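Colleague: Starting off with a structure, shown below.
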Amino acid sequence: MTTRRVHLVRHGLSTQDRDRPPHEWGLDPRGHEDVDALRRSGRLPTRAVWFSSPETKALETARRLTEAPVTVVPELREHERHSTTWIADFPSVVRRAFDDPDKPAFPGWEPLTRARDRLMSVVPALLTAHAEEEVVLVGHGTAWTLLASELTGRPPDLVAWSRLRMPDLWVLELPA
């Protein structure tokens, strides 16, 4: 069976502003070197088609990683969290979201099923349209955890999610 690779890049270090919801945060200049190191690492394909979440931190990461054109796809945005309430134990709230994906895990959060459906409304079509090319998607940890689960047919890997760095890269091997 032939396979193809899909590269899921998590954005670089974001500026955390407790007065703004996370989808409004940008890329923190203190994390630029880490993004540049990923670019130099040889782990990203030299020839690929690039897509990004519209969130500033993701798009800025994509533009630091490649000279190739980057297409913004609104549906690649992170699991929506329209809240500025600071969560002391953020990982436990995210785990709760995965445990009961049909309900918001926190006030102002969308249910994970909505985020999953949004991602799956576009990603399979992107992969089909670019079946002969490697695809790089630049976005977010929770969104990529959902997407990886859907594309591979495996349960969401919350251990891998908890280990994600900013930036980070997952490479999925999928049937061609």
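We name chains A, B, ... following the order of the structure tokens; residues begin at 1 in each chain, and ligands are numbered from 1 as shown.
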I'd like the contact shell of A:Leu13 - 8 Å cut-off, only C-alpha atoms, skipping same-chain residues fewer than 3 positions apart - returned as a list in words.

Modeller: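 That gives Leu27, Asp28, Arg30, Gly31, His32, Lys57, Met166 and Pro167 of chain A.
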
Colleague: Give me the residues near A:Gly139 as a PyMOL selection string, where near means some atom within 7 Å (using only C-alpha atoms) and where sequence neighbours in that chain fewer than 3 positions away do not count.

Modeller: chain A and resi 9-11+52-53+58+76-78

Colleague: Create the file for the chosen residues now, containing all heavy atoms and written as a CSV table (one decimal), in the first residue's frame.

Modeller:
chain,number,residue,atom,x,y,z
A,9,VAL,N,2.0,21.3,11.5
A,9,VAL,CA,2.9,22.2,12.3
A,9,VAL,C,2.1,22.9,13.3
A,9,VAL,O,1.1,23.6,13.0
A,9,VAL,CB,3.6,23.2,11.4
A,9,VAL,CG1,4.5,24.1,12.2
A,9,VAL,CG2,4.5,22.4,10.4
A,10,ARG,N,2.5,22.8,14.6
A,10,ARG,CA,1.9,23.7,15.6
A,10,ARG,C,2.7,25.0,15.6
A,10,ARG,O,3.9,25.0,15.5
A,10,ARG,CB,2.1,23.0,17.0
A,10,ARG,CG,1.4,23.9,18.1
A,10,ARG,CD,1.7,23.4,19.4
A,10,ARG,NE,0.8,24.1,20.4
A,10,ARG,CZ,0.9,24.0,21.7
A,10,ARG,NH1,1.9,23.2,22.2
A,10,ARG,NH2,0.1,24.6,22.5
A,11,HIS,N,2.0,26.1,15.7
A,11,HIS,CA,2.6,27.4,15.7
A,11,HIS,C,3.7,27.6,16.8
A,11,HIS,O,3.8,26.8,17.7
A,11,HIS,CB,1.5,28.5,15.9
A,11,HIS,CG,0.8,28.3,17.3
A,11,HIS,ND1,1.4,28.8,18.4
A,11,HIS,CD2,-0.4,27.8,17.6
A,11,HIS,CE1,0.5,28.5,19.4
A,11,HIS,NE2,-0.5,27.9,18.9
A,52,SER,N,-2.5,27.5,6.1
A,52,SER,CA,-2.4,27.9,7.5
A,52,SER,C,-3.8,28.3,8.0
A,52,SER,O,-4.6,28.8,7.3
A,52,SER,CB,-1.5,29.2,7.6
A,52,SER,OG,-1.4,29.7,8.9
A,53,SER,N,-3.9,28.2,9.3
A,53,SER,CA,-4.9,28.8,10.1
A,53,SER,C,-4.9,30.3,9.9
A,53,SER,O,-3.8,30.8,9.7
A,53,SER,CB,-4.7,28.5,11.6
A,53,SER,OG,-5.4,29.4,12.4
A,58,ALA,N,-0.3,31.4,13.9
A,58,ALA,CA,-0.1,30.3,13.0
A,58,ALA,C,0.5,30.9,11.6
A,58,ALA,O,1.4,30.3,11.1
A,58,ALA,CB,-1.3,29.5,12.8
A,76,LEU,N,-9.1,26.0,9.4
A,76,LEU,CA,-8.0,25.4,10.1
A,76,LEU,C,-7.7,26.1,11.5
A,76,LEU,O,-6.8,25.8,12.2
A,76,LEU,CB,-6.7,25.5,9.3
A,76,LEU,CG,-6.7,24.7,8.0
A,76,LEU,CD1,-5.4,24.8,7.2
A,76,LEU,CD2,-7.1,23.2,8.2
A,77,ARG,N,-8.6,27.1,11.9
A,77,ARG,CA,-8.4,27.7,13.1
A,77,ARG,C,-8.5,26.8,14.3
A,77,ARG,O,-9.1,25.7,14.2
A,77,ARG,CB,-9.3,28.9,13.3
A,77,ARG,CG,-10.8,28.6,13.4
A,77,ARG,CD,-11.7,29.8,13.3
A,77,ARG,NE,-13.1,29.5,13.4
A,77,ARG,CZ,-13.8,29.1,12.4
A,77,ARG,NH1,-13.3,29.0,11.2
A,77,ARG,NH2,-15.1,28.8,12.6
A,78,GLU,N,-8.0,27.2,15.4
A,78,GLU,CA,-8.0,26.4,16.6
A,78,GLU,C,-9.4,26.2,17.2
A,78,GLU,O,-10.3,26.9,16.8
A,78,GLU,CB,-7.1,27.0,17.7
A,78,GLU,CG,-7.1,26.3,19.1
A,78,GLU,CD,-6.5,24.9,19.1
A,78,GLU,OE1,-7.1,24.1,18.4
A,78,GLU,OE2,-5.5,24.7,19.8

Colleague: Residues within 9 Å of A:Lys103, please, as a list in words. Count only C-alpha atoms; anything in the same chain fewer than 6 positions from it doesn't count.

Modeller: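 Using only C-alpha atoms, the neighbours found are Ala97, Trp109, Glu110, Pro111, Leu112 and Thr113 of chain A.
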
Colleague: Go through chain A and collect every residue that DSSP, computed from the backbone, puts in strand (DSSP E); the answer should be as a list in words.

Modeller: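 Restricting chain A to strand (DSSP E) produces Thr3, Arg4, Arg5, Val6, His7, Leu8, Val9, Arg10, Val49, Trp50, Phe51, Ser52, Val70, Thr71, Val72, Val135, Val136, Leu137, Val138, Gly139, Asp168, Leu169, Trp170, Val171, Leu172, Glu173, Leu174 and Pro175 of chain A.
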
Colleague: Of the residues A:Ala68, A:Ile87, A:Val136, A:Leu127, which is the one nearest to A:His7, using only C-alpha atoms?

Modeller: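 Using only C-alpha atoms, the shortest distance to A:His7 belongs to A:Val136.
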
Colleague: Could you list, as a list in words, every residue within 8 Å of A:Glu173, counting only C-alpha atoms and ignoring same-chain residues fewer than 4 positions away?

Modeller: Thr3, Arg4, Arg5 and Val6 of chain A

Colleague: Can you measure atom CA of A:Arg96 to atom CA of A:Glu75 for me? One decimal in Å is fine.

Modeller: 22.8 Å

Colleague: Pick from A:Met1, A:Glu67, A:Val35, A:Trp86: nearest to A:Gln16, with only C-alpha atoms counted?

Modeller: A:Trp86
